[in-house]
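> For reference, the structure I am asking about is given below.
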Amino acid sequence: MPTLIEDTIAAISTPIGKSAVGVIRLSGQDSRKITESIFYFAQHTLQDRTPVLGNIQRSHSEPILDEAVVTYFQKPRSFTREDVVEISCHGSPIVLKAVLNLLLEKGARMATPGEFTLRAYLRGRIDLMQAEGIRDLIEAKTLFQAQVARQQASGSLSKRVKPIKESLVNLIALLEAGIDFADDDVSILSDLEIDRRLDDIIVSLSDLDNSFSVGRLINEGLTVAIVGRPNVGKSSLFNKILDQNRAIVSEIPGTTRDIISETSNLEGMPIRWLDTAGIRDSSSRLENIGVDRSKEVLGEVDRVLLVFDGSVSLTEEDKALLSTIRKQPFFLVINKIDLDQKLTQKQLPPLKEPIVRVSSLTGDGIGSLKALLLGELADHSALEQDGAFLSNFRQKQQVEEALKATKGSLRSFKQEMPHEVFLIDLHRALKSLNGLTGETTIEDILGNIFSTFCIGK
Ligand SMILES: Nc1nc2c(ncn2[C@@H]2O[C@H](COP(=O)(O)OP(=O)(O)OP(=O)(O)O)[C@@H](O)[C@H]2O)c(=O)[nH]1
Ligand SMILES: [Mg+2]
C-alpha cells in the first residue's frame with residue numbers, strides 16, 4: 001500500500017473487454033501535463049470541467065492512436081481532491097492499453113486496486129465508511145443494495161456516527177478537565193450527569209450495533225427453509241414462490257429426497273430458499289437420508305416456513321414438527337386452501353407467530369406470504385434511516401469494541417473508581433470509533449479495505 005501520494009497514477013477505469021467507450025483515468029499533480037503531452041487538440045490547454053475532442057498521439061509525427069474526449073477536473077473539485085483527467089477513447093482493449101502505456105511512458109504510475117478511492121480518503125474527501133460504500137456500490141447485485149451503498153458512499157452512516165463520537169469526545173474532555181482542576185476541587189460534571197451521558201452513549205452504540213442485522217440482510221440476504229411432513233406441498237410452494245418449475249412435484253409422499261436451493265430477490269433482498277425432504281419416519285433408507293438432511297438444515301437457516309396441509313386434519317407428525325421448530329424463528333403456512341378445509345384453528349396450539357393461508361396450486365396468498373416475510377425480516381425503522389446502518393463485519397467489530405469499552409467505563413464509574421480509571425476505557429471506545437471512520441490512519445485496516453477494490457476505482 002503506497003503511502004506517498006505525490007506521484008500521478010493512471011488506470012483503465014472501465015472493464016476489460018470490447019465496448020463502445022473505454023475510460024482511462026489519471027490522478028495527481030502531473031495529470032494534466034502528462035495528458036497534454038500526448039493529446040493534440042485545438043485549444044492546447046485543458047480547461048477545468050470542459051470536455052474537449054482531440055487526437056491521442058505519441059508526437060505530431062507519429063500515427064494517431066485514437067480520437068478521444070478528455071475532461072480535466074482541477075483540484076480540489078475532483079473525486080480524489082487532486083488534479084484528475086478522464087480520457088474517453090473507443091472501447092478497444094488494444095487501444096486503451098496503448099494509451100495507458102503512453103501515459104506511463106510520460107511519467108504516470110500504474111494505479112493499484114482502489115488507489116483512486118484511497119487517495120480520496122487520504123485527502124480527506126471521504127471517510128472509510130464512505131469508501132466502503134463506493135466499493136459496495138460497484139459490487140451490488142441488486143438495485144436495492146446499490147441504493148443503500150450509494151447512500152453510504154454519500155455519508156449516511158458517517159452522519160449517524162458523528163454525534164455519538166462528539167458526545168464521547170465531549171465527555172472525555174470534560175472529565176479530563178475535571179482531573180486537571182482536581183486540586184481546585186472543581187467538579188465540572190455531577191455524577192448524575194456522567195451516568196446519564198454514559199448511558200446515552202451506550203444506547204446509541206447498541207442501536208448502531210443492532211443495525212448490522214439490516215445491513216447483513218441487505219448485503220448477504222437470508223436463508224429460508226420450507227419444511228413439513230411429506231406431501232403437504234412444500235415443493236409446490238417453493239416453485240410458486242420462485243415462479244418456476246424447479247422442484248419435482250408429485251402426489252407420492254416422499255418425492256423430494258435432497259435439499260434444493262434457489263436464490264431469488266425479494267424487493268432487492270437476496271433470499272436463498274430451500275426445499276427440503278418431507279420429515280417422517282420412513283422405512284426407506286434413501287428417504288431417511290433426506291429426512292436427516294432436512295433436520296440438519298433446520299439449525300442453519302434464518303427462518304423456517306413450516307407447511308401444513310389445510311385439506312386434512314392436523315396429524316401427530318405435524319404436531320411433533322411444530323414443537324421442534326418452535327425453538328427458532330418460523331411462520332406457519334397452511335397450504336391447499338383451494339380445497340375443503342379440515343384443519344381448523346382449534347386443532348392448532350396457541351401461537352404468537354403469524355399464520356399464512358396459501359394455495360400453491362392457484363397462487364392465492366403467496367403475495368401476502370412474501371410481504372409478511374419481508375416485513376418481519378427487515379426492521380423497517382432501520383431501513384427508513386436512509387442507509388445509516390452497519391454493513392460489514394469490520395464496522396460491526398469496531399462498534400462492538402466501542403460499546404464494550406463504554407460499558408466497562410460505566411461499570412468502573414458505578415464502582416466509584418477514580419475518573420482516571422474509567423477514562424482509559426472511554427479513550428479505548430474513542431479509538432474504536434476512530435477506527436470505524438478511519439480518522440486515525442491505521443495501515444492494516446486500510447490495506448484490507450482498498451485491496452478489495454478493482455483497479456481504476
Ligand atoms: N389442490 C392443491 N394441491 C396441492 C397444493 N400444493 C400441492 N398440491 C399437491 O400436493 C401434492 C404434493 O405436492 P408436493 O409439492 O410434491 O409436496 P411436498 O411437500 O414437496 O412433498 P414431499 O416432497 O414428498 O415431501 C401434489 O400432488 C401437488 O400437486 C395446493 O395448494 N392445492
Ligand atoms: Mg417435495
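As shown in the C-alpha cells, the chain order sets the letters A, B, ...; within each chain, residues go from 1, and ligands are also counted from 1 in the order they appear.
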For segment 65-79 of chain A, work out the shell of residues within 7 Å, counting only C-alpha atoms and skipping chain neighbours fewer than 2 positions away, then give it as a list in words.

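The filter keeps Leu46, Gln47, Asp48, Arg49, Thr50, Pro51, Val52, Leu53, Gly54, Asn55, Ile56, Gln57, Pro63, Arg81, Glu82, Asp83, Val84, Val85, Glu86, Ile87, Ser88, Cys89, Val95 and Ala120 of chain A.
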
> So which residues touch Ser154 of chain A within 12 Å, counting only C-alpha atoms, skipping near sequence neighbours fewer than 2 positions away, as a PyMOL selection string?

chain A and resi 125-134+137+147-152+156-159+386-388

> Go ahead and save the residues from that selection, with N, CA and C atoms, as a compact mmCIF listing (two decimals), in the first residue's frame.


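result.txt, freshly written:
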```txt
# COMPACT_ATOMS: atom_id res chain seq x y z
N ARG A 125 -11.47 13.65 1.50
CA ARG A 125 -12.74 13.93 0.83
C ARG A 125 -13.84 13.00 1.33
N ILE A 126 -13.46 11.78 1.65
CA ILE A 126 -14.43 10.81 2.17
C ILE A 126 -13.82 10.11 3.38
N ASP A 127 -14.66 9.50 4.22
CA ASP A 127 -14.11 8.70 5.30
C ASP A 127 -14.16 7.22 4.90
N LEU A 128 -13.71 6.38 5.81
CA LEU A 128 -13.61 4.95 5.47
C LEU A 128 -14.97 4.33 5.14
N MET A 129 -15.99 4.72 5.89
CA MET A 129 -17.31 4.12 5.64
C MET A 129 -17.84 4.51 4.27
N GLN A 130 -17.52 5.73 3.86
CA GLN A 130 -17.92 6.15 2.52
C GLN A 130 -17.16 5.37 1.45
N ALA A 131 -15.87 5.14 1.73
CA ALA A 131 -15.07 4.35 0.78
C ALA A 131 -15.67 2.95 0.64
N GLU A 132 -16.06 2.38 1.76
CA GLU A 132 -16.68 1.05 1.71
C GLU A 132 -17.99 1.11 0.93
N GLY A 133 -18.70 2.22 1.08
CA GLY A 133 -19.95 2.40 0.33
C GLY A 133 -19.70 2.39 -1.17
N ILE A 134 -18.61 3.05 -1.59
CA ILE A 134 -18.28 3.08 -3.03
C ILE A 134 -17.99 1.67 -3.53
N LEU A 137 -21.17 -0.27 -3.71
CA LEU A 137 -21.99 0.17 -4.84
C LEU A 137 -21.56 -0.54 -6.12
N GLN A 147 -28.64 1.08 -4.05
CA GLN A 147 -29.17 2.33 -3.49
C GLN A 147 -28.63 2.58 -2.09
N VAL A 148 -28.62 1.51 -1.29
CA VAL A 148 -28.12 1.64 0.07
C VAL A 148 -26.64 2.02 0.06
N ALA A 149 -25.88 1.35 -0.81
CA ALA A 149 -24.44 1.61 -0.88
C ALA A 149 -24.20 3.06 -1.31
N ARG A 150 -25.03 3.55 -2.23
CA ARG A 150 -24.86 4.93 -2.67
C ARG A 150 -25.09 5.90 -1.50
N GLN A 151 -26.10 5.57 -0.68
CA GLN A 151 -26.36 6.43 0.49
C GLN A 151 -25.15 6.41 1.44
N GLN A 152 -24.56 5.21 1.59
CA GLN A 152 -23.40 5.13 2.48
C GLN A 152 -22.21 5.86 1.88
N SER A 156 -24.21 8.58 4.72
CA SER A 156 -25.35 8.37 5.63
C SER A 156 -24.91 7.76 6.97
N LEU A 157 -24.06 6.76 6.90
CA LEU A 157 -23.61 6.11 8.14
C LEU A 157 -22.70 7.05 8.93
N SER A 158 -21.86 7.76 8.20
CA SER A 158 -20.95 8.71 8.86
C SER A 158 -21.75 9.73 9.68
N LYS A 159 -22.89 10.14 9.10
CA LYS A 159 -23.72 11.15 9.78
C LYS A 159 -24.29 10.59 11.08
N ASP A 386 -32.32 5.69 5.89
CA ASP A 386 -31.56 6.08 4.69
C ASP A 386 -30.15 5.50 4.65
N GLY A 387 -30.07 4.24 4.84
CA GLY A 387 -28.77 3.59 4.67
C GLY A 387 -27.82 3.80 5.84
N ALA A 388 -28.35 4.30 6.97
CA ALA A 388 -27.44 4.56 8.09
C ALA A 388 -27.34 3.33 9.00
```

> Ranking A:Leu436, A:Arg272, A:Asp309, A:Ala177 by minimum distance to Gln395 of chain A and counting only C-alpha atoms, which one comes first?

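Counting only C-alpha atoms, the residue closest to Gln395 of chain A is A:Leu436.
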
> Collect all residues with atoms no farther than 10 Å from ligand 1, counting only C-alpha atoms and all ligand atoms, and output them as a PyMOL selection string.

chain A and resi 226-240+247-259+275-280+287+290-291+307-311+334-340+357-364

> Rounded to one decimal in Å, what is the spacing between atom CA of Gly456 of chain A and atom CA of Lys106 of chain A?

18.4 Å

> Near Lys165 of chain A, within 12 Å and counting only C-alpha atoms, which residues show up once chain neighbours fewer than 5 positions away are dropped, as an MDAnalysis selection string?

chainID A and resid 158:160 170:172 200:202 204:205 399 402:403 406 426:427 429:437 439

> In Å, rounded to a single decimal, give me how far atom CA of Thr80 of chain A is from atom CA of Thr117 of chain A.

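Interatomic distance here is 6.8 Å.
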
> Between A:Leu332, A:Ile260, A:Leu189, A:Ile164, which has the minimum distance to Val203 of chain A (counting only C-alpha atoms)?

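Selected residue with least distance to Val203 of chain A: A:Ile164.
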
> Please determine, counting only C-alpha atoms, which residue among A:Asn101, A:Ser37, A:Ser61, A:Ser284 has the shortest atom-to-atom distance to Ile24 of chain A.

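Checking each of A:Asn101, A:Ser37, A:Ser61, A:Ser284 against Ile24 of chain A, counting only C-alpha atoms, the winner is A:Asn101.
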